[in-house]
$ cat data_1.txt   # compact mmCIF, C-alpha atoms and all ligand atoms
# COMPACT_ATOMS: atom_id res chain seq x y z
CA MET A 1 111.88 94.21 121.93
CA GLN A 2 109.69 97.05 120.68
CA LYS A 3 105.95 97.34 121.24
CA PRO A 4 103.36 96.45 118.60
CA ILE A 5 102.36 99.32 116.30
CA GLU A 6 98.74 100.10 115.41
CA ILE A 7 97.86 101.79 112.14
CA ALA A 8 94.27 102.28 110.94
CA GLY A 9 93.02 99.75 113.50
CA VAL A 10 95.51 97.06 112.44
CA THR A 11 98.09 95.86 114.97
CA ILE A 12 101.49 94.77 113.67
CA THR A 13 103.56 92.74 116.10
CA PRO A 14 107.35 93.19 116.39
CA GLY A 15 109.29 91.09 113.91
CA SER A 16 106.49 90.99 111.35
CA ARG A 17 105.33 92.84 108.25
CA GLN A 18 101.91 93.54 106.88
CA SER A 19 100.02 95.37 104.13
CA ILE A 20 97.20 97.63 105.30
CA ASP A 21 94.49 99.47 103.38
CA ILE A 22 93.58 102.83 104.88
CA PRO A 23 90.02 103.75 103.81
CA LEU A 24 89.61 107.02 101.88
CA PRO A 25 86.50 108.78 100.49
CA SER A 26 85.03 106.41 97.90
CA PHE A 27 84.57 107.08 94.19
CA TYR A 28 81.17 108.45 93.21
CA THR A 29 80.60 105.14 91.47
CA ASN A 30 80.26 103.66 94.97
CA SER A 31 83.61 101.85 94.56
CA SER A 32 85.67 102.06 97.71
CA VAL A 33 89.12 103.66 97.73
CA ASN A 34 92.05 102.73 99.96
CA MET A 35 95.54 104.03 100.49
CA PRO A 36 97.90 101.02 100.31
CA VAL A 37 100.46 100.93 103.12
CA HIS A 38 103.12 98.35 103.95
CA VAL A 39 104.65 98.21 107.42
CA ILE A 40 107.79 96.32 108.39
CA HIS A 41 107.95 96.36 112.17
CA GLY A 42 111.35 95.20 113.43
CA ARG A 43 111.91 93.31 116.66
CA ARG A 44 114.30 95.85 118.09
CA PRO A 45 113.27 99.48 118.69
CA GLY A 46 114.67 102.17 116.43
CA PRO A 47 113.64 104.97 114.08
CA VAL A 48 110.31 104.86 112.24
CA LEU A 49 111.03 105.80 108.64
CA LEU A 50 108.18 106.72 106.31
CA VAL A 51 108.94 106.36 102.60
CA SER A 52 106.14 107.93 100.56
CA ALA A 53 105.57 108.32 96.83
CA ALA A 54 103.05 109.76 94.36
CA ILE A 55 101.83 112.61 96.56
CA HIS A 56 101.69 114.03 93.06
CA GLY A 57 99.67 111.29 91.40
CA ASP A 58 101.61 111.26 88.11
CA GLU A 59 105.07 111.01 89.70
CA ILE A 60 105.49 107.27 89.50
CA ASN A 61 109.24 106.56 89.74
CA GLY A 62 108.81 106.36 93.52
CA VAL A 63 106.19 103.62 93.21
CA GLU A 64 108.79 101.39 91.56
CA ILE A 65 111.47 102.47 94.05
CA ILE A 66 109.24 101.27 96.89
CA ARG A 67 108.41 98.00 95.11
CA ARG A 68 112.12 97.21 94.73
CA LEU A 69 112.76 98.22 98.32
CA LEU A 70 110.08 95.91 99.72
CA VAL A 71 111.36 92.80 97.90
CA LYS A 72 114.91 93.21 99.29
CA LYS A 73 115.58 90.24 101.56
CA SER A 74 117.62 92.30 104.02
CA ILE A 75 114.65 94.59 104.68
CA ASP A 76 112.95 91.90 106.80
CA ARG A 77 115.39 92.24 109.66
CA ILE A 78 115.51 95.94 110.35
CA LYS A 79 115.88 97.77 113.61
CA GLY A 80 112.92 100.11 114.07
CA THR A 81 110.07 100.37 111.58
CA LEU A 82 109.65 101.08 107.89
CA ILE A 83 106.30 102.45 106.73
CA ALA A 84 106.02 102.46 102.92
CA ILE A 85 103.21 104.27 101.08
CA PRO A 86 103.78 103.79 97.34
CA VAL A 87 100.72 105.81 96.31
CA VAL A 88 99.59 108.63 98.61
CA ASN A 89 97.44 110.48 96.07
CA VAL A 90 95.42 107.47 94.95
CA TYR A 91 92.93 109.62 93.02
CA GLY A 92 95.59 111.41 90.99
CA PHE A 93 97.39 108.11 90.37
CA VAL A 94 94.21 106.62 88.89
CA SER A 95 93.61 109.63 86.64
CA LYS A 96 97.38 109.91 85.83
CA SER A 97 97.31 113.44 87.18
CA ARG A 98 99.42 115.47 89.59
CA TYR A 99 96.28 116.78 91.25
CA LEU A 100 93.16 115.59 93.03
CA PRO A 101 89.85 115.40 91.14
CA ASP A 102 88.98 118.80 92.63
CA ARG A 103 92.14 120.13 90.93
CA ARG A 104 93.91 120.83 94.18
CA ASP A 105 97.56 120.02 94.77
CA LEU A 106 97.88 117.63 97.71
CA ASN A 107 101.37 118.93 98.42
CA ARG A 108 99.90 122.40 99.07
CA SER A 109 97.06 121.10 101.27
CA PHE A 110 98.89 119.96 104.42
CA PRO A 111 98.27 119.48 107.31
CA GLY A 112 94.63 119.37 106.19
CA TYR A 113 91.34 119.06 108.06
CA GLU A 114 88.88 116.27 108.70
CA ASN A 115 86.06 118.21 107.01
CA GLY A 116 88.15 120.16 104.51
CA SER A 117 88.49 119.83 100.74
CA MET A 118 89.24 116.44 99.21
CA ALA A 119 92.98 117.19 99.21
CA SER A 120 92.75 118.50 102.75
CA ARG A 121 91.04 115.30 103.94
CA LEU A 122 93.67 113.13 102.28
CA ALA A 123 96.43 115.19 103.92
CA HIS A 124 94.62 114.83 107.25
CA VAL A 125 94.59 111.02 106.91
CA VAL A 126 98.38 111.02 106.47
CA MET A 127 98.92 113.48 109.31
CA THR A 128 96.71 111.63 111.81
CA GLN A 129 97.21 107.96 110.92
CA ILE A 130 100.86 107.85 109.86
CA ILE A 131 102.80 110.89 111.06
CA PRO A 132 102.25 110.36 114.82
CA HIS A 133 104.27 107.11 114.49
CA THR A 134 106.97 108.60 112.26
CA THR A 135 110.43 109.91 113.17
CA HIS A 136 111.93 110.40 109.68
CA ILE A 137 110.55 110.83 106.14
CA ILE A 138 111.81 110.29 102.62
CA ASP A 139 109.28 111.64 100.11
CA LEU A 140 109.77 110.53 96.49
CA HIS A 141 108.98 112.88 93.58
CA THR A 142 109.81 113.41 89.90
CA GLY A 143 109.77 116.40 87.57
CA ALA A 144 106.48 117.45 85.97
CA VAL A 145 105.06 116.10 82.71
CA ASN A 146 107.67 116.56 79.94
CA ARG A 147 110.11 117.93 82.49
CA GLU A 148 113.04 115.94 83.77
CA ASN A 149 115.06 116.33 86.96
CA LEU A 150 118.60 115.16 87.58
CA PRO A 151 118.40 112.90 90.68
CA GLN A 152 118.67 115.29 93.61
CA ILE A 153 117.79 115.63 97.28
CA ARG A 154 115.95 118.73 98.46
CA ALA A 155 115.83 119.51 102.14
CA LYS A 156 115.86 122.41 104.55
CA LEU A 157 119.32 121.99 105.98
CA GLN A 158 119.80 125.14 108.07
CA ASP A 159 120.35 124.31 111.74
CA ASN A 160 119.68 120.65 111.03
CA PRO A 161 122.97 118.73 110.91
CA GLU A 162 121.20 115.37 111.30
CA LEU A 163 119.13 115.97 108.17
CA GLU A 164 122.24 117.07 106.27
CA THR A 165 124.01 113.84 107.30
CA LEU A 166 121.04 111.83 106.03
CA ALA A 167 120.90 113.88 102.81
CA ARG A 168 124.57 113.08 102.17
CA ALA A 169 124.03 109.41 103.04
CA PHE A 170 121.39 109.20 100.28
CA GLY A 171 124.34 109.52 97.94
CA VAL A 172 123.23 111.58 94.95
CA PRO A 173 125.68 114.23 93.71
CA VAL A 174 123.30 117.19 94.00
CA ILE A 175 121.64 118.40 97.20
CA LEU A 176 119.51 121.52 97.07
CA ASN A 177 119.09 123.42 100.31
CA ALA A 178 115.42 124.22 99.75
CA GLU A 179 113.08 126.41 101.81
CA LEU A 180 109.77 124.95 102.93
CA LEU A 181 106.75 125.75 100.77
CA GLN A 182 103.65 126.76 102.68
CA ASN A 183 101.17 123.90 103.28
CA SER A 184 103.54 121.34 101.79
CA PHE A 185 104.02 117.91 103.34
CA ARG A 186 107.58 118.94 104.20
CA ALA A 187 106.37 122.04 106.06
CA ALA A 188 103.70 120.12 108.00
CA ALA A 189 106.21 117.44 109.02
CA PHE A 190 108.75 120.12 109.98
CA ASP A 191 106.16 121.70 112.32
CA ARG A 192 105.99 118.36 114.11
CA GLY A 193 109.76 118.17 114.38
CA ILE A 194 110.24 115.61 111.59
CA GLY A 195 112.90 116.21 108.94
CA VAL A 196 112.01 115.30 105.36
CA LEU A 197 114.35 114.35 102.54
CA LEU A 198 112.61 115.03 99.25
CA TYR A 199 114.03 112.97 96.40
CA GLU A 200 113.41 114.42 92.93
CA ALA A 201 114.41 112.37 89.91
CA GLY A 202 113.23 111.80 86.37
CA GLU A 203 109.98 112.81 84.73
CA ALA A 204 106.27 112.37 85.49
CA LEU A 205 104.48 109.33 84.01
CA ARG A 206 107.78 107.64 83.13
CA PHE A 207 110.03 105.04 84.71
CA ASP A 208 113.68 106.01 84.62
CA GLU A 209 116.04 103.17 85.51
CA VAL A 210 118.92 105.29 86.80
CA SER A 211 116.60 107.45 88.92
CA ILE A 212 114.98 104.32 90.32
CA ARG A 213 118.29 102.62 91.13
CA ALA A 214 119.60 105.78 92.75
CA GLY A 215 116.40 106.03 94.79
CA VAL A 216 116.49 102.44 96.06
CA ARG A 217 120.15 102.74 96.96
CA GLY A 218 119.53 106.12 98.59
CA VAL A 219 116.76 104.85 100.87
CA LEU A 220 118.84 101.80 101.88
CA GLN A 221 121.83 104.01 102.68
CA VAL A 222 119.74 106.39 104.77
CA MET A 223 118.48 103.34 106.69
CA ILE A 224 122.10 102.38 107.38
CA GLU A 225 122.85 105.91 108.56
CA LEU A 226 119.82 105.73 110.87
CA GLY A 227 121.05 102.44 112.32
CA MET A 228 118.08 100.50 110.92
CA ARG A 229 120.32 98.23 108.84
CA THR A 230 123.88 97.15 109.38
CA ARG A 231 126.54 98.59 107.16
CA SER A 232 127.62 96.00 104.64
CA LYS A 233 130.75 96.39 102.58
CA ARG A 234 130.23 99.96 101.50
CA SER A 235 130.20 100.64 97.80
CA ARG A 236 132.27 103.48 96.49
CA GLN A 237 130.06 106.49 96.82
CA VAL A 238 130.22 109.89 95.20
CA GLU A 239 130.34 112.95 97.36
CA SER A 240 127.24 115.15 97.50
CA MET A 241 127.57 118.90 97.15
CA VAL A 242 125.00 121.34 98.52
CA ALA A 243 123.67 124.16 96.33
CA ASN A 244 121.92 127.02 98.10
CA THR A 245 120.16 128.44 95.07
CA SER A 246 118.90 127.34 91.69
CA ARG A 247 117.51 129.44 88.90
CA TRP A 248 115.14 128.73 86.01
CA VAL A 249 116.04 130.01 82.56
CA ARG A 250 112.88 130.90 80.64
CA ALA A 251 112.03 131.19 76.97
CA GLY A 252 112.33 134.79 75.78
CA GLN A 253 109.96 134.07 72.92
CA SER A 254 107.58 131.33 71.79
CA GLY A 255 108.85 128.83 69.26
CA ILE A 256 110.61 125.54 68.59
CA LEU A 257 113.32 124.75 71.13
CA ARG A 258 116.62 123.14 70.16
CA ALA A 259 118.30 122.26 73.46
CA LEU A 260 122.09 121.88 73.41
CA VAL A 261 122.60 120.81 77.03
CA GLY A 262 121.01 118.07 79.12
CA THR A 263 120.64 117.41 82.84
CA GLY A 264 123.94 116.96 84.64
CA THR A 265 125.77 119.29 82.24
CA LYS A 266 128.16 121.91 83.57
CA VAL A 267 127.55 125.39 82.15
CA GLN A 268 129.39 128.69 82.51
CA GLU A 269 127.79 132.11 82.57
CA GLY A 270 127.38 133.17 78.93
CA ASP A 271 127.25 129.61 77.52
CA LEU A 272 124.72 128.87 74.78
CA LEU A 273 121.98 126.59 76.14
CA ALA A 274 119.52 126.40 73.25
CA TYR A 275 118.02 128.03 70.18
CA ILE A 276 114.38 128.99 69.80
CA ASN A 277 113.07 129.76 66.31
CA ASN A 278 109.75 129.86 64.52
CA PRO A 279 108.64 126.83 62.43
CA LEU A 280 110.16 128.40 59.31
CA GLY A 281 113.56 128.48 61.01
CA GLU A 282 113.48 132.26 61.27
CA ASN A 283 113.73 134.75 64.09
CA THR A 284 116.16 132.67 66.13
CA GLU A 285 116.71 133.45 69.81
CA GLU A 286 119.95 132.27 71.42
CA LEU A 287 119.27 131.23 74.99
CA ILE A 288 122.29 132.15 77.12
CA SER A 289 123.04 130.87 80.61
CA PRO A 290 122.81 133.77 83.07
CA ILE A 291 124.89 131.94 85.71
CA SER A 292 127.50 129.22 86.05
CA GLY A 293 126.26 125.95 87.46
CA ILE A 294 124.87 122.49 86.79
CA ILE A 295 121.68 121.78 84.84
CA ILE A 296 119.48 119.97 87.37
CA GLY A 297 116.17 120.20 85.49
CA LYS A 298 115.12 120.54 81.87
CA THR A 299 112.07 120.51 79.64
CA ASN A 300 111.89 117.58 77.22
CA LEU A 301 109.21 119.11 75.00
CA PRO A 302 110.64 121.30 72.23
CA LEU A 303 107.46 123.38 71.76
CA VAL A 304 107.59 126.36 74.07
CA PHE A 305 105.77 129.58 74.88
CA ALA A 306 107.48 132.79 75.90
CA GLY A 307 108.08 132.69 79.64
CA GLU A 308 108.14 128.92 79.94
CA ALA A 309 110.74 127.51 82.32
CA LEU A 310 113.26 125.53 80.24
CA PHE A 311 116.42 124.86 82.26
CA ASN A 312 116.93 124.78 86.03
CA ILE A 313 120.53 125.62 86.95
CA ALA A 314 121.97 125.03 90.43
CA SER A 315 124.75 127.44 91.41
CA TYR A 316 127.97 126.02 92.70
CA GLU A 317 131.37 127.47 93.48
CA GLU A 318 133.01 124.10 92.78
CA ILE A 319 131.32 123.34 89.44
CA ASP A 320 134.16 121.16 88.14
CA GLN A 321 134.06 118.99 91.26
CA VAL A 322 130.26 118.57 91.01
CA ALA A 323 130.50 117.72 87.30
CA ASP A 324 133.15 115.07 88.06
CA ASN A 325 130.95 113.64 90.81
CA ILE A 326 128.00 113.43 88.40
CA ASP A 327 130.15 111.57 85.84
CA ALA A 328 131.32 109.08 88.48
CA TYR A 329 127.78 108.64 89.70
CA ASN A 330 126.41 107.99 86.19
CA ASP A 331 129.12 105.36 85.62
CA GLU A 332 128.27 103.71 88.92
CA LEU A 333 124.54 103.46 88.19
CA ASP A 334 124.80 102.63 84.49
CA PRO A 335 122.42 99.68 84.01
CA ASN A 336 124.61 98.32 81.17
CA THR A 337 127.67 97.85 83.32
CA ASP A 338 126.45 97.60 86.88
CA GLU A 339 125.54 94.16 88.19
CA ARG A 340 125.96 94.93 91.84
CA LEU A 341 123.25 97.47 92.61
CA SER A 342 120.29 95.66 91.18
CA ASP A 343 119.55 91.98 90.70
CA GLU A 344 116.59 92.87 88.50
CA PRO A 345 116.70 93.39 84.73
CA PRO A 346 116.91 97.11 83.92
CA LEU A 347 113.75 98.83 82.70
CA VAL A 348 114.08 100.58 79.36
ZN ZN B 1 106.15 116.20 93.07
$ encode --input "data_1.txt" --output "structure tokens" --more "lines below"
Ligand SMILES: [Zn+2]
Amino acid sequence: MQKPIEIAGVTITPGSRQSIDIPLPSFYTNSSVNMPVHVIHGRRPGPVLLVSAAIHGDEINGVEIIRRLLVKKSIDRIKGTLIAIPVVNVYGFVSKSRYLPDRRDLNRSFPGYENGSMASRLAHVVMTQIIPHTTHIIDLHTGAVNRENLPQIRAKLQDNPELETLARAFGVPVILNAELLQNSFRAAAFDRGIGVLLYEAGEALRFDEVSIRAGVRGVLQVMIELGMRTRSKRSRQVESMVANTSRWVRAGQSGILRALVGTGTKVQEGDLLAYINNPLGENTEELISPISGIIIGKTNLPLVFAGEALFNIASYEEIDQVADNIDAYNDELDPNTDERLSDEPPLV
């Protein structure tokens, strides 16, 4: 039997679950603000997995991923502990913004200080109240506004075979071996010896059913890999391939973008990705892929300025294999045909 866990002054006994509100600086209207946390504390000791979302307040796919996770019946009887924070950046979530009201990026403000900026204080709450309990983290993100990401795991995999095993267990076709950004949540957790899987999928301020399904399934599969849940009859799962670099293709000129390739598409060096022309249809630029790879991110807004990042291409040696994996994966998660992965009606 494991010991009770105490978070923000609330004690959760083994074999129970509880929602907790962690107090944050209030609004200037005098309304109080809390960070909502749900803890499932298993009877038997095991890993303590933190699943967090909306560190960027407008990246909301993860909020729905956590909701679906917490209503799963099997989640009641886990080994170890699951800490779920569906909305970390409560202020940004309320204002539908990536940032804090002071325009800082929470994910560049870790580990934070007690008396620092607003973002720094919020980071400090996470680092002092949650992280000391935590052994593993899955942090849920999406692309930016009008920018869509193919579901992918980003993690620093060098010298970390355990994290690579977990990244593969998540079960999305694309893994990006990504360096740590200074003052990011990932970097702060890494300094405390905690590996973070960052899941990127879909677009800010939108729900994307496939990204959400892939996220729920990914978290559940990581929990199996960690020994928190027992392995049920394993579904057929696509193989993940690790890319070590990705490259943004930018607009050479301002204009109207006509994209010819979407996320998940295989491209060869020299392939035509898009046209950019002026509103009269003149002065057309042909946007050519500088490398061979898979499109893992793309703008969805056809109005672009020179220099704007339009397509993110991950380099792979085995492009055909990755493209096949992505096809298999899309078939598997297709809400129109799949009845096994989700017992909820698909969101459209
Ligand atoms: Zn993000």
$ residues_near_point --input "data_1.txt" --point "(120.3, 120.1, 84.6)" --cutoff "12 Å" --atoms "all atoms listed in the file" --output "PDB file with C-alpha atoms, in the frame of the given file"
ATOM      1  CA  GLY A 143     109.770 116.400  87.570  1.00  0.00           C
ATOM      2  CA  ARG A 147     110.110 117.930  82.490  1.00  0.00           C
ATOM      3  CA  GLU A 148     113.040 115.940  83.770  1.00  0.00           C
ATOM      4  CA  ASN A 149     115.060 116.330  86.960  1.00  0.00           C
ATOM      5  CA  LEU A 150     118.600 115.160  87.580  1.00  0.00           C
ATOM      6  CA  PRO A 151     118.400 112.900  90.680  1.00  0.00           C
ATOM      7  CA  GLN A 152     118.670 115.290  93.610  1.00  0.00           C
ATOM      8  CA  VAL A 174     123.300 117.190  94.000  1.00  0.00           C
ATOM      9  CA  ALA A 201     114.410 112.370  89.910  1.00  0.00           C
ATOM     10  CA  GLY A 202     113.230 111.800  86.370  1.00  0.00           C
ATOM     11  CA  SER A 246     118.900 127.340  91.690  1.00  0.00           C
ATOM     12  CA  ARG A 247     117.510 129.440  88.900  1.00  0.00           C
ATOM     13  CA  TRP A 248     115.140 128.730  86.010  1.00  0.00           C
ATOM     14  CA  VAL A 249     116.040 130.010  82.560  1.00  0.00           C
ATOM     15  CA  ALA A 259     118.300 122.260  73.460  1.00  0.00           C
ATOM     16  CA  LEU A 260     122.090 121.880  73.410  1.00  0.00           C
ATOM     17  CA  VAL A 261     122.600 120.810  77.030  1.00  0.00           C
ATOM     18  CA  GLY A 262     121.010 118.070  79.120  1.00  0.00           C
ATOM     19  CA  THR A 263     120.640 117.410  82.840  1.00  0.00           C
ATOM     20  CA  GLY A 264     123.940 116.960  84.640  1.00  0.00           C
ATOM     21  CA  THR A 265     125.770 119.290  82.240  1.00  0.00           C
ATOM     22  CA  LYS A 266     128.160 121.910  83.570  1.00  0.00           C
ATOM     23  CA  VAL A 267     127.550 125.390  82.150  1.00  0.00           C
ATOM     24  CA  LEU A 273     121.980 126.590  76.140  1.00  0.00           C
ATOM     25  CA  SER A 289     123.040 130.870  80.610  1.00  0.00           C
ATOM     26  CA  SER A 292     127.500 129.220  86.050  1.00  0.00           C
ATOM     27  CA  GLY A 293     126.260 125.950  87.460  1.00  0.00           C
ATOM     28  CA  ILE A 294     124.870 122.490  86.790  1.00  0.00           C
ATOM     29  CA  ILE A 295     121.680 121.780  84.840  1.00  0.00           C
ATOM     30  CA  ILE A 296     119.480 119.970  87.370  1.00  0.00           C
ATOM     31  CA  GLY A 297     116.170 120.200  85.490  1.00  0.00           C
ATOM     32  CA  LYS A 298     115.120 120.540  81.870  1.00  0.00           C
ATOM     33  CA  THR A 299     112.070 120.510  79.640  1.00  0.00           C
ATOM     34  CA  ASN A 300     111.890 117.580  77.220  1.00  0.00           C
ATOM     35  CA  LEU A 310     113.260 125.530  80.240  1.00  0.00           C
ATOM     36  CA  PHE A 311     116.420 124.860  82.260  1.00  0.00           C
ATOM     37  CA  ASN A 312     116.930 124.780  86.030  1.00  0.00           C
ATOM     38  CA  ILE A 313     120.530 125.620  86.950  1.00  0.00           C
ATOM     39  CA  ALA A 314     121.970 125.030  90.430  1.00  0.00           C
ATOM     40  CA  SER A 315     124.750 127.440  91.410  1.00  0.00           C
ATOM     41  CA  VAL A 322     130.260 118.570  91.010  1.00  0.00           C
ATOM     42  CA  ALA A 323     130.500 117.720  87.300  1.00  0.00           C
ATOM     43  CA  ILE A 326     128.000 113.430  88.400  1.00  0.00           C
TER      44      ILE A 326
END
$ residues_near_ligand --input "data_1.txt" --ligand "ligand ZN 1 (chain B)" --cutoff "7 Å" --atoms "all atoms listed in the file" --output "list in words"
Ile55, His56, Glu59, His141, Thr142 and Gly143 of chain A
$ atom_distance --input "data_1.txt" --atom1 "CA of Ile194 in chain A" --atom2 "CA of Ile137 in chain A"
7.3 Å
$ closest_atom_pairs --input "data_1.txt" --of "range 177-287 of chain A" --to "range 77-100 of chain A" --cutoff "9 Å" --atoms "all atoms listed in the file" --output "tab-separated table"
residue	atom	partner	partner_atom	distance
A:Ala204	CA	A:Arg98	CA	8.6
A:Leu205	CA	A:Lys96	CA	7.4
A:Met223	CA	A:Ile78	CA	8.8
A:Gly227	CA	A:Lys79	CA	7.1
A:Met228	CA	A:Lys79	CA	4.4
A:Arg229	CA	A:Ile78	CA	5.5
A:Thr230	CA	A:Ile78	CA	8.5
$ residues_around --input "data_1.txt" --residues "Val51 in chain A" --least-positions-apart "4" --cutoff "12 Å" --atoms "all atoms listed in the file" --output "PDB file with C-alpha atoms, in the frame of the given file"
ATOM      1  CA  VAL A  37     100.460 100.930 103.120  1.00  0.00           C
ATOM      2  CA  HIS A  38     103.120  98.350 103.950  1.00  0.00           C
ATOM      3  CA  VAL A  39     104.650  98.210 107.420  1.00  0.00           C
ATOM      4  CA  ILE A  40     107.790  96.320 108.390  1.00  0.00           C
ATOM      5  CA  ILE A  55     101.830 112.610  96.560  1.00  0.00           C
ATOM      6  CA  GLY A  62     108.810 106.360  93.520  1.00  0.00           C
ATOM      7  CA  VAL A  63     106.190 103.620  93.210  1.00  0.00           C
ATOM      8  CA  ILE A  65     111.470 102.470  94.050  1.00  0.00           C
ATOM      9  CA  ILE A  66     109.240 101.270  96.890  1.00  0.00           C
ATOM     10  CA  ARG A  67     108.410  98.000  95.110  1.00  0.00           C
ATOM     11  CA  LEU A  69     112.760  98.220  98.320  1.00  0.00           C
ATOM     12  CA  LEU A  70     110.080  95.910  99.720  1.00  0.00           C
ATOM     13  CA  THR A  81     110.070 100.370 111.580  1.00  0.00           C
ATOM     14  CA  LEU A  82     109.650 101.080 107.890  1.00  0.00           C
ATOM     15  CA  ILE A  83     106.300 102.450 106.730  1.00  0.00           C
ATOM     16  CA  ALA A  84     106.020 102.460 102.920  1.00  0.00           C
ATOM     17  CA  ILE A  85     103.210 104.270 101.080  1.00  0.00           C
ATOM     18  CA  PRO A  86     103.780 103.790  97.340  1.00  0.00           C
ATOM     19  CA  VAL A  87     100.720 105.810  96.310  1.00  0.00           C
ATOM     20  CA  VAL A  88      99.590 108.630  98.610  1.00  0.00           C
ATOM     21  CA  ILE A 130     100.860 107.850 109.860  1.00  0.00           C
ATOM     22  CA  ILE A 131     102.800 110.890 111.060  1.00  0.00           C
ATOM     23  CA  THR A 134     106.970 108.600 112.260  1.00  0.00           C
ATOM     24  CA  THR A 135     110.430 109.910 113.170  1.00  0.00           C
ATOM     25  CA  HIS A 136     111.930 110.400 109.680  1.00  0.00           C
ATOM     26  CA  ILE A 137     110.550 110.830 106.140  1.00  0.00           C
ATOM     27  CA  ILE A 138     111.810 110.290 102.620  1.00  0.00           C
ATOM     28  CA  ASP A 139     109.280 111.640 100.110  1.00  0.00           C
ATOM     29  CA  LEU A 140     109.770 110.530  96.490  1.00  0.00           C
ATOM     30  CA  HIS A 141     108.980 112.880  93.580  1.00  0.00           C
ATOM     31  CA  VAL A 196     112.010 115.300 105.360  1.00  0.00           C
ATOM     32  CA  LEU A 197     114.350 114.350 102.540  1.00  0.00           C
ATOM     33  CA  LEU A 198     112.610 115.030  99.250  1.00  0.00           C
ATOM     34  CA  TYR A 199     114.030 112.970  96.400  1.00  0.00           C
ATOM     35  CA  GLY A 215     116.400 106.030  94.790  1.00  0.00           C
ATOM     36  CA  VAL A 216     116.490 102.440  96.060  1.00  0.00           C
ATOM     37  CA  GLY A 218     119.530 106.120  98.590  1.00  0.00           C
ATOM     38  CA  VAL A 219     116.760 104.850 100.870  1.00  0.00           C
ATOM     39  CA  LEU A 220     118.840 101.800 101.880  1.00  0.00           C
ATOM     40  CA  VAL A 222     119.740 106.390 104.770  1.00  0.00           C
ATOM     41  CA  MET A 223     118.480 103.340 106.690  1.00  0.00           C
TER      42      MET A 223
END
$ closest_residue --input "data_1.txt" --among "A:Asn330, A:Ser109, A:Asn30, A:Asn183" --to "Ser211 in chain A" --atoms "all atoms listed in the file"
A:Asn330
$ closest_residue --input "data_1.txt" --among "A:Met127, A:Leu257, A:Val242, A:Ile153" --to "Pro279 in chain A" --atoms "all atoms listed in the file"
A:Leu257
$ build_atoms --input "data_1.txt" --residues "range 275-288 of chain A" --atoms "N, CA and C atoms" --output "tab-separated table (two decimals), in the coordinates of the input"
chain	number	residue	atom	x	y	z
A	275	TYR	N	118.58	127.08	71.14
A	275	TYR	CA	118.02	128.03	70.18
A	275	TYR	C	116.50	127.92	70.23
A	276	ILE	N	115.83	129.03	70.00
A	276	ILE	CA	114.38	128.99	69.80
A	276	ILE	C	114.09	129.75	68.51
A	277	ASN	N	113.41	129.10	67.58
A	277	ASN	CA	113.07	129.76	66.31
A	277	ASN	C	111.62	129.46	65.96
A	278	ASN	N	111.11	130.16	64.96
A	278	ASN	CA	109.75	129.86	64.52
A	278	ASN	C	109.79	128.63	63.59
A	279	PRO	N	108.63	128.08	63.22
A	279	PRO	CA	108.64	126.83	62.43
A	279	PRO	C	109.29	126.96	61.06
A	280	LEU	N	109.49	128.20	60.59
A	280	LEU	CA	110.16	128.40	59.31
A	280	LEU	C	111.67	128.51	59.49
A	281	GLY	N	112.12	128.38	60.73
A	281	GLY	CA	113.56	128.48	61.01
A	281	GLY	C	114.05	129.90	61.11
A	282	GLU	N	113.11	130.84	61.22
A	282	GLU	CA	113.48	132.26	61.27
A	282	GLU	C	113.41	132.78	62.70
A	283	ASN	N	113.90	134.02	62.84
A	283	ASN	CA	113.73	134.75	64.09
A	283	ASN	C	114.31	133.97	65.27
A	284	THR	N	115.57	133.56	65.12
A	284	THR	CA	116.16	132.67	66.13
A	284	THR	C	116.63	133.43	67.37
A	285	GLU	N	116.20	132.94	68.53
A	285	GLU	CA	116.71	133.45	69.81
A	285	GLU	C	117.79	132.51	70.31
A	286	GLU	N	118.91	133.08	70.76
A	286	GLU	CA	119.95	132.27	71.42
A	286	GLU	C	119.73	132.38	72.91
A	287	LEU	N	119.53	131.24	73.54
A	287	LEU	CA	119.27	131.23	74.99
A	287	LEU	C	120.60	131.08	75.71
A	288	ILE	N	120.96	132.09	76.49
A	288	ILE	CA	122.29	132.15	77.12
A	288	ILE	C	122.15	131.88	78.62
